[in-house]
Amino acid sequence: MRNHAGVHRTMNAVVFYSNTGQSRAIATYFANQLGYPLADIETKCAEHYRNLVLVFPVHCQNIPDIVKSFLKNVSVENLTAIATYGKMCCGNVLYEIQKNYQKNIIAGAYIPTKHSYIDNDDVFCDFDKLKPIVEKVKEPSYIQLPKLYKNPLADVFPKLRSRLGLTIQRSADCGGCNLCAERCSFGAIQSGITNRKCIRCLKCVEACPRQALKIKLGLPLKLYLRKKKTNELIIYI
């Protein structure tokens, strides 16, 4: 549909931001259940939605910058916000979306899934527990989200802390295909070498056909990841 100004408008959709495929899998579930088109946030999206399900990962207890930019530039009548997190602390991102971007939220969830930095962690697969959200999207009514705990240090140079906590290293298996640079959304890697733009999302690691990119954790991050995990699924409807 196009309005009088010629701007493309999509009435209903599921939009996702995903680096390792986990948020995409959850977004695909919602798209299939609702019959909505599925769109990657990194492609050109519409400017207006009637019903939008937005699925994205929590980054260092914060909203990823690309999701912030999307929320700033889109109008939504009924927003369902789904945040995936790596079984540590989910932060307070849904409350921040409602407060800072003045969105009309009808449902939300924090979904625990595999932590990107832990190899033997389990992905979320209990999709039946998400059915109440599907039903709420079909019969929308606005809700007020509660404020959850967020570490006071979460907003203190999160990108710098990420760079200090984890490095991405290129091994001798690299074939020089530069697919890592093609897949990176931020221009943060070239021929397997990262720069200061890198946010450690690990999309390049996942994309490498030779598994030539390896991650090395710093001691503080290793200690943090040893903390007790949580599998708490929090749903707001």
# chains A, B, ... in the order shown; residues from 1 in each chain; ligands from 1
>>> select_by_dssp(residues="segment 32-235 of chain A", states="strand (DSSP E)", output="ChimeraX atom specification")
/A:38-40,48-57,75-85,105-112,166-170,189-190,193-194,213-217,234-235
>>> residues_around(residues="Ile235 of chain A", least_positions_apart="2", cutoff="10 Å", atoms="only C-alpha atoms", output="compact mmCIF listing (two decimals) with N, CA and C atoms, in the first residue's frame")
# COMPACT_ATOMS: atom_id res chain seq x y z
N ILE A 82 9.86 -8.09 21.61
CA ILE A 82 10.41 -9.35 22.10
C ILE A 82 11.92 -9.22 22.19
N ALA A 107 2.16 -6.12 23.91
CA ALA A 107 2.70 -7.35 24.49
C ALA A 107 4.22 -7.27 24.45
N GLY A 108 4.85 -8.06 25.29
CA GLY A 108 6.30 -8.08 25.32
C GLY A 108 6.80 -9.34 25.98
N ALA A 109 8.08 -9.60 25.81
CA ALA A 109 8.67 -10.78 26.44
C ALA A 109 10.19 -10.66 26.49
N TYR A 110 10.74 -11.24 27.54
CA TYR A 110 12.18 -11.49 27.62
C TYR A 110 12.36 -13.00 27.48
N ILE A 111 13.04 -13.43 26.43
CA ILE A 111 13.17 -14.86 26.15
C ILE A 111 14.61 -15.31 26.35
N LYS A 129 5.09 -21.91 24.69
CA LYS A 129 4.93 -20.94 25.77
C LYS A 129 4.70 -19.52 25.24
N LEU A 130 4.93 -19.33 23.95
CA LEU A 130 4.76 -18.01 23.36
C LEU A 130 3.37 -17.80 22.76
N PRO A 132 0.42 -17.37 24.13
CA PRO A 132 -0.38 -16.25 24.66
C PRO A 132 -0.05 -14.91 24.01
N ILE A 133 1.19 -14.74 23.59
CA ILE A 133 1.57 -13.50 22.91
C ILE A 133 0.91 -13.44 21.54
N GLU A 232 14.56 -17.79 33.00
CA GLU A 232 13.26 -17.18 33.23
C GLU A 232 12.69 -16.54 31.96
N LEU A 233 11.56 -17.05 31.56
CA LEU A 233 10.80 -16.47 30.45
C LEU A 233 9.80 -15.50 31.05
N ILE A 237 1.36 -9.46 28.77
CA ILE A 237 0.24 -9.42 27.83
C ILE A 237 -0.93 -8.65 28.45
>>> select_by_dssp(residues="segment 13-234 of chain A", states="helix (DSSP H, G or I)", output="PDB file with C-alpha atoms, in the first residue's frame")
ATOM      1  CA  GLN A  22      18.391 -17.113  17.485  1.00  0.00           C
ATOM      2  CA  SER A  23      16.244 -14.002  17.346  1.00  0.00           C
ATOM      3  CA  ARG A  24      15.474 -14.801  13.728  1.00  0.00           C
ATOM      4  CA  ALA A  25      14.178 -18.265  14.701  1.00  0.00           C
ATOM      5  CA  ILE A  26      11.807 -16.726  17.254  1.00  0.00           C
ATOM      6  CA  ALA A  27      10.710 -14.069  14.769  1.00  0.00           C
ATOM      7  CA  THR A  28      10.010 -16.805  12.207  1.00  0.00           C
ATOM      8  CA  TYR A  29       7.738 -18.534  14.731  1.00  0.00           C
ATOM      9  CA  PHE A  30       5.662 -15.381  15.185  1.00  0.00           C
ATOM     10  CA  ALA A  31       5.518 -14.742  11.433  1.00  0.00           C
ATOM     11  CA  ASN A  32       4.246 -18.272  10.806  1.00  0.00           C
ATOM     12  CA  GLN A  33       1.688 -18.143  13.614  1.00  0.00           C
ATOM     13  CA  LEU A  34       0.318 -14.737  12.624  1.00  0.00           C
ATOM     14  CA  ASP A  65      21.927   0.821  18.224  1.00  0.00           C
ATOM     15  CA  ILE A  66      20.361  -0.454  15.006  1.00  0.00           C
ATOM     16  CA  VAL A  67      17.105  -1.150  16.879  1.00  0.00           C
ATOM     17  CA  LYS A  68      17.206   2.320  18.472  1.00  0.00           C
ATOM     18  CA  SER A  69      17.520   3.881  15.021  1.00  0.00           C
ATOM     19  CA  PHE A  70      14.620   1.793  13.717  1.00  0.00           C
ATOM     20  CA  LEU A  71      12.374   2.754  16.637  1.00  0.00           C
ATOM     21  CA  LYS A  72      13.240   6.419  16.234  1.00  0.00           C
ATOM     22  CA  ASN A  73      12.150   6.480  12.597  1.00  0.00           C
ATOM     23  CA  VAL A  93      15.077  -2.720  27.469  1.00  0.00           C
ATOM     24  CA  LEU A  94      11.318  -3.152  27.039  1.00  0.00           C
ATOM     25  CA  TYR A  95      10.558  -0.481  29.621  1.00  0.00           C
ATOM     26  CA  GLU A  96      13.116   1.775  27.918  1.00  0.00           C
ATOM     27  CA  ILE A  97      11.416   1.292  24.547  1.00  0.00           C
ATOM     28  CA  GLN A  98       8.069   2.320  25.984  1.00  0.00           C
ATOM     29  CA  LYS A  99       9.508   5.274  27.914  1.00  0.00           C
ATOM     30  CA  ASN A 100      12.052   6.647  25.444  1.00  0.00           C
ATOM     31  CA  TYR A 101      10.275   6.022  22.143  1.00  0.00           C
ATOM     32  CA  PHE A 127       7.642 -22.123  21.383  1.00  0.00           C
ATOM     33  CA  ASP A 128       4.318 -23.280  22.839  1.00  0.00           C
ATOM     34  CA  LYS A 129       4.928 -20.936  25.768  1.00  0.00           C
ATOM     35  CA  LEU A 130       4.760 -18.011  23.359  1.00  0.00           C
ATOM     36  CA  LYS A 131       1.194 -18.739  22.207  1.00  0.00           C
ATOM     37  CA  PRO A 132      -0.382 -16.254  24.664  1.00  0.00           C
ATOM     38  CA  ILE A 133       1.574 -13.499  22.910  1.00  0.00           C
ATOM     39  CA  VAL A 134       0.242 -14.619  19.538  1.00  0.00           C
ATOM     40  CA  GLU A 135      -3.310 -14.441  20.848  1.00  0.00           C
ATOM     41  CA  LYS A 136      -2.714 -10.979  22.344  1.00  0.00           C
ATOM     42  CA  VAL A 137      -1.446  -9.691  18.984  1.00  0.00           C
ATOM     43  CA  LYS A 138      -4.701 -10.837  17.415  1.00  0.00           C
ATOM     44  CA  PRO A 152      24.260   0.625  36.933  1.00  0.00           C
ATOM     45  CA  LEU A 153      27.430  -0.035  34.925  1.00  0.00           C
ATOM     46  CA  ALA A 154      25.536  -1.269  31.864  1.00  0.00           C
ATOM     47  CA  ASP A 155      25.501   2.223  30.324  1.00  0.00           C
ATOM     48  CA  PRO A 158      29.384  -0.749  26.812  1.00  0.00           C
ATOM     49  CA  LYS A 159      31.146  -0.992  23.421  1.00  0.00           C
ATOM     50  CA  LEU A 160      34.547  -0.424  24.986  1.00  0.00           C
ATOM     51  CA  ARG A 161      33.844  -3.024  27.667  1.00  0.00           C
ATOM     52  CA  SER A 162      32.832  -5.445  24.946  1.00  0.00           C
ATOM     53  CA  ARG A 163      36.083  -4.908  23.063  1.00  0.00           C
ATOM     54  CA  LEU A 164      38.112  -5.372  26.223  1.00  0.00           C
ATOM     55  CA  GLY A 165      36.227  -8.508  27.224  1.00  0.00           C
ATOM     56  CA  LEU A 179      32.586 -12.918   3.528  1.00  0.00           C
ATOM     57  CA  CYS A 180      32.971 -11.602   7.070  1.00  0.00           C
ATOM     58  CA  ALA A 181      33.200  -8.041   5.733  1.00  0.00           C
ATOM     59  CA  GLU A 182      30.201  -8.582   3.437  1.00  0.00           C
ATOM     60  CA  ARG A 183      28.036  -9.797   6.321  1.00  0.00           C
ATOM     61  CA  LYS A 203      27.849 -12.349  12.907  1.00  0.00           C
ATOM     62  CA  CYS A 204      31.224 -12.618  11.162  1.00  0.00           C
ATOM     63  CA  VAL A 205      32.128 -15.688  13.224  1.00  0.00           C
ATOM     64  CA  GLU A 206      28.842 -17.364  12.308  1.00  0.00           C
ATOM     65  CA  ALA A 207      29.251 -16.446   8.627  1.00  0.00           C
ATOM     66  CA  LEU A 219      39.377 -13.003  32.378  1.00  0.00           C
ATOM     67  CA  PRO A 220      36.681 -10.564  33.612  1.00  0.00           C
ATOM     68  CA  LEU A 221      34.249 -11.829  30.980  1.00  0.00           C
ATOM     69  CA  LYS A 222      35.109 -15.453  31.781  1.00  0.00           C
ATOM     70  CA  LEU A 223      34.300 -14.822  35.425  1.00  0.00           C
ATOM     71  CA  TYR A 224      31.067 -13.046  34.529  1.00  0.00           C
ATOM     72  CA  LEU A 225      29.911 -15.937  32.344  1.00  0.00           C
TER      73      LEU A 225
END
>>> atom_distance(atom1="atom CA of Leu79 of chain A", atom2="atom CA of Cys184 of chain A")
27.5 Å
>>> atom_distance(atom1="atom CA of Val55 of chain A", atom2="atom CA of Val74 of chain A")
14.9 Å
>>> atom_distance(atom1="atom CA of Ala83 of chain A", atom2="atom CA of Cys208 of chain A")
25.9 Å
>>> residues_around(residues="Ala39 of chain A", least_positions_apart="6", cutoff="9 Å", atoms="only C-alpha atoms", output="count of residues only")
6
>>> closest_residue(among="A:Ala46, A:Gly176, A:Ala81, A:Ser171", to="Lys216 of chain A", atoms="only C-alpha atoms")
A:Ser171
>>> closest_residue(among="A:Cys125, A:Cys198, A:Gln144, A:Asn78", to="Phe186 of chain A", atoms="only C-alpha atoms")
A:Cys198
>>> closest_residue(among="A:Asn62, A:Val76, A:Ile106, A:Asn195", to="His48 of chain A", atoms="only C-alpha atoms")
A:Val76
>>> residues_around(residues="Lys150 of chain A", least_positions_apart="6", cutoff="8 Å", atoms="only C-alpha atoms", output="PyMOL selection string")
chain A and resi 61+89-92
>>> write_last_selection(atoms="C-alpha atoms", output="PDB file, in the first residue's frame")
ATOM      1  CA  GLN A  61      21.680  -5.101  28.911  1.00  0.00           C
ATOM      2  CA  CYS A  89      20.605 -10.331  32.901  1.00  0.00           C
ATOM      3  CA  CYS A  90      17.920  -9.187  30.487  1.00  0.00           C
ATOM      4  CA  GLY A  91      18.242  -5.573  31.564  1.00  0.00           C
ATOM      5  CA  ASN A  92      15.337  -3.175  31.236  1.00  0.00           C
TER       6      ASN A  92
END
>>> decode(residues="segment 169-184 of chain A", atoms="all heavy atoms", output="PDB file, in the first residue's frame")
ATOM      1  N   GLN A 169      39.780 -13.404  16.635  1.00  0.00           N
ATOM      2  CA  GLN A 169      41.082 -13.671  16.040  1.00  0.00           C
ATOM      3  C   GLN A 169      40.940 -14.487  14.766  1.00  0.00           C
ATOM      4  O   GLN A 169      40.127 -15.412  14.694  1.00  0.00           O
ATOM      5  CB  GLN A 169      41.976 -14.411  17.048  1.00  0.00           C
ATOM      6  CG  GLN A 169      42.184 -13.633  18.351  1.00  0.00           C
ATOM      7  CD  GLN A 169      42.983 -14.396  19.384  1.00  0.00           C
ATOM      8  OE1 GLN A 169      43.048 -15.635  19.346  1.00  0.00           O
ATOM      9  NE2 GLN A 169      43.590 -13.683  20.320  1.00  0.00           N
ATOM     10  N   ARG A 170      41.743 -14.157  13.779  1.00  0.00           N
ATOM     11  CA  ARG A 170      41.749 -14.871  12.499  1.00  0.00           C
ATOM     12  C   ARG A 170      42.798 -15.970  12.541  1.00  0.00           C
ATOM     13  O   ARG A 170      43.953 -15.736  12.862  1.00  0.00           O
ATOM     14  CB  ARG A 170      42.059 -13.891  11.367  1.00  0.00           C
ATOM     15  CG  ARG A 170      42.078 -14.524   9.988  1.00  0.00           C
ATOM     16  CD  ARG A 170      42.487 -13.513   8.927  1.00  0.00           C
ATOM     17  NE  ARG A 170      43.856 -13.065   9.138  1.00  0.00           N
ATOM     18  CZ  ARG A 170      44.477 -12.156   8.374  1.00  0.00           C
ATOM     19  NH1 ARG A 170      43.826 -11.595   7.373  1.00  0.00           N
ATOM     20  NH2 ARG A 170      45.716 -11.793   8.631  1.00  0.00           N
ATOM     21  N   SER A 171      42.391 -17.189  12.194  1.00  0.00           N
ATOM     22  CA  SER A 171      43.320 -18.311  12.193  1.00  0.00           C
ATOM     23  C   SER A 171      43.899 -18.537  10.799  1.00  0.00           C
ATOM     24  O   SER A 171      43.497 -17.884   9.824  1.00  0.00           O
ATOM     25  CB  SER A 171      42.616 -19.588  12.668  1.00  0.00           C
ATOM     26  OG  SER A 171      41.742 -20.077  11.650  1.00  0.00           O
ATOM     27  N   ALA A 172      44.810 -19.475  10.700  1.00  0.00           N
ATOM     28  CA  ALA A 172      45.451 -19.791   9.417  1.00  0.00           C
ATOM     29  C   ALA A 172      44.480 -20.442   8.444  1.00  0.00           C
ATOM     30  O   ALA A 172      44.800 -20.586   7.256  1.00  0.00           O
ATOM     31  CB  ALA A 172      46.652 -20.706   9.656  1.00  0.00           C
ATOM     32  N   ASP A 173      43.291 -20.832   8.909  1.00  0.00           N
ATOM     33  CA  ASP A 173      42.299 -21.454   8.031  1.00  0.00           C
ATOM     34  C   ASP A 173      41.604 -20.449   7.125  1.00  0.00           C
ATOM     35  O   ASP A 173      40.856 -20.833   6.218  1.00  0.00           O
ATOM     36  CB  ASP A 173      41.235 -22.177   8.873  1.00  0.00           C
ATOM     37  CG  ASP A 173      41.814 -23.360   9.634  1.00  0.00           C
ATOM     38  OD1 ASP A 173      42.728 -24.004   9.101  1.00  0.00           O
ATOM     39  OD2 ASP A 173      41.335 -23.618  10.759  1.00  0.00           O
ATOM     40  N   CYS A 174      41.832 -19.158   7.364  1.00  0.00           N
ATOM     41  CA  CYS A 174      41.182 -18.119   6.558  1.00  0.00           C
ATOM     42  C   CYS A 174      41.572 -18.260   5.086  1.00  0.00           C
ATOM     43  O   CYS A 174      42.759 -18.341   4.748  1.00  0.00           O
ATOM     44  CB  CYS A 174      41.583 -16.735   7.071  1.00  0.00           C
ATOM     45  SG  CYS A 174      40.903 -15.374   6.088  1.00  0.00           S
ATOM     46  N   GLY A 175      40.553 -18.293   4.218  1.00  0.00           N
ATOM     47  CA  GLY A 175      40.795 -18.434   2.779  1.00  0.00           C
ATOM     48  C   GLY A 175      40.765 -17.118   2.028  1.00  0.00           C
ATOM     49  O   GLY A 175      40.895 -17.088   0.805  1.00  0.00           O
ATOM     50  N   GLY A 176      40.543 -16.007   2.755  1.00  0.00           N
ATOM     51  CA  GLY A 176      40.554 -14.704   2.114  1.00  0.00           C
ATOM     52  C   GLY A 176      39.298 -14.366   1.338  1.00  0.00           C
ATOM     53  O   GLY A 176      39.305 -13.468   0.493  1.00  0.00           O
ATOM     54  N   CYS A 177      38.184 -15.040   1.610  1.00  0.00           N
ATOM     55  CA  CYS A 177      36.950 -14.781   0.862  1.00  0.00           C
ATOM     56  C   CYS A 177      36.315 -13.444   1.226  1.00  0.00           C
ATOM     57  O   CYS A 177      35.530 -12.891   0.465  1.00  0.00           O
ATOM     58  CB  CYS A 177      35.951 -15.910   1.084  1.00  0.00           C
ATOM     59  SG  CYS A 177      35.272 -16.000   2.766  1.00  0.00           S
ATOM     60  N   ASN A 178      36.636 -12.936   2.413  1.00  0.00           N
ATOM     61  CA  ASN A 178      36.132 -11.657   2.917  1.00  0.00           C
ATOM     62  C   ASN A 178      34.612 -11.641   3.098  1.00  0.00           C
ATOM     63  O   ASN A 178      33.984 -10.586   3.099  1.00  0.00           O
ATOM     64  CB  ASN A 178      36.554 -10.495   2.012  1.00  0.00           C
ATOM     65  CG  ASN A 178      36.798  -9.220   2.813  1.00  0.00           C
ATOM     66  OD1 ASN A 178      37.145  -9.259   3.999  1.00  0.00           O
ATOM     67  ND2 ASN A 178      36.624  -8.075   2.174  1.00  0.00           N
ATOM     68  N   LEU A 179      34.019 -12.848   3.263  1.00  0.00           N
ATOM     69  CA  LEU A 179      32.586 -12.918   3.528  1.00  0.00           C
ATOM     70  C   LEU A 179      32.251 -12.244   4.854  1.00  0.00           C
ATOM     71  O   LEU A 179      31.166 -11.690   5.022  1.00  0.00           O
ATOM     72  CB  LEU A 179      32.134 -14.382   3.549  1.00  0.00           C
ATOM     73  CG  LEU A 179      30.629 -14.636   3.712  1.00  0.00           C
ATOM     74  CD1 LEU A 179      29.848 -14.025   2.543  1.00  0.00           C
ATOM     75  CD2 LEU A 179      30.342 -16.141   3.810  1.00  0.00           C
ATOM     76  N   CYS A 180      33.188 -12.254   5.774  1.00  0.00           N
ATOM     77  CA  CYS A 180      32.971 -11.602   7.070  1.00  0.00           C
ATOM     78  C   CYS A 180      32.678 -10.117   6.881  1.00  0.00           C
ATOM     79  O   CYS A 180      31.786  -9.564   7.520  1.00  0.00           O
ATOM     80  CB  CYS A 180      34.186 -11.804   7.980  1.00  0.00           C
ATOM     81  SG  CYS A 180      35.763 -11.283   7.265  1.00  0.00           S
ATOM     82  N   ALA A 181      33.415  -9.463   5.994  1.00  0.00           N
ATOM     83  CA  ALA A 181      33.200  -8.041   5.733  1.00  0.00           C
ATOM     84  C   ALA A 181      31.861  -7.806   5.039  1.00  0.00           C
ATOM     85  O   ALA A 181      31.165  -6.827   5.316  1.00  0.00           O
ATOM     86  CB  ALA A 181      34.338  -7.480   4.891  1.00  0.00           C
ATOM     87  N   GLU A 182      31.474  -8.717   4.142  1.00  0.00           N
ATOM     88  CA  GLU A 182      30.201  -8.582   3.437  1.00  0.00           C
ATOM     89  C   GLU A 182      29.020  -8.702   4.396  1.00  0.00           C
ATOM     90  O   GLU A 182      28.009  -8.013   4.233  1.00  0.00           O
ATOM     91  CB  GLU A 182      30.088  -9.648   2.347  1.00  0.00           C
ATOM     92  CG  GLU A 182      31.092  -9.486   1.206  1.00  0.00           C
ATOM     93  CD  GLU A 182      30.955 -10.586   0.186  1.00  0.00           C
ATOM     94  OE1 GLU A 182      29.886 -11.232   0.137  1.00  0.00           O
ATOM     95  OE2 GLU A 182      31.921 -10.824  -0.560  1.00  0.00           O
ATOM     96  N   ARG A 183      29.139  -9.558   5.397  1.00  0.00           N
ATOM     97  CA  ARG A 183      28.036  -9.797   6.321  1.00  0.00           C
ATOM     98  C   ARG A 183      27.976  -8.762   7.448  1.00  0.00           C
ATOM     99  O   ARG A 183      26.929  -8.583   8.067  1.00  0.00           O
ATOM    100  CB  ARG A 183      28.167 -11.194   6.926  1.00  0.00           C
ATOM    101  CG  ARG A 183      28.007 -12.313   5.921  1.00  0.00           C
ATOM    102  CD  ARG A 183      26.574 -12.442   5.430  1.00  0.00           C
ATOM    103  NE  ARG A 183      26.439 -13.446   4.404  1.00  0.00           N
ATOM    104  CZ  ARG A 183      26.251 -14.750   4.649  1.00  0.00           C
ATOM    105  NH1 ARG A 183      26.204 -15.179   5.900  1.00  0.00           N
ATOM    106  NH2 ARG A 183      26.138 -15.606   3.657  1.00  0.00           N
ATOM    107  N   CYS A 184      29.078  -8.085   7.722  1.00  0.00           N
ATOM    108  CA  CYS A 184      29.115  -7.135   8.833  1.00  0.00           C
ATOM    109  C   CYS A 184      28.289  -5.899   8.498  1.00  0.00           C
ATOM    110  O   CYS A 184      28.434  -5.297   7.431  1.00  0.00           O
ATOM    111  CB  CYS A 184      30.549  -6.732   9.152  1.00  0.00           C
ATOM    112  SG  CYS A 184      30.667  -5.570  10.530  1.00  0.00           S
TER     113      CYS A 184
END
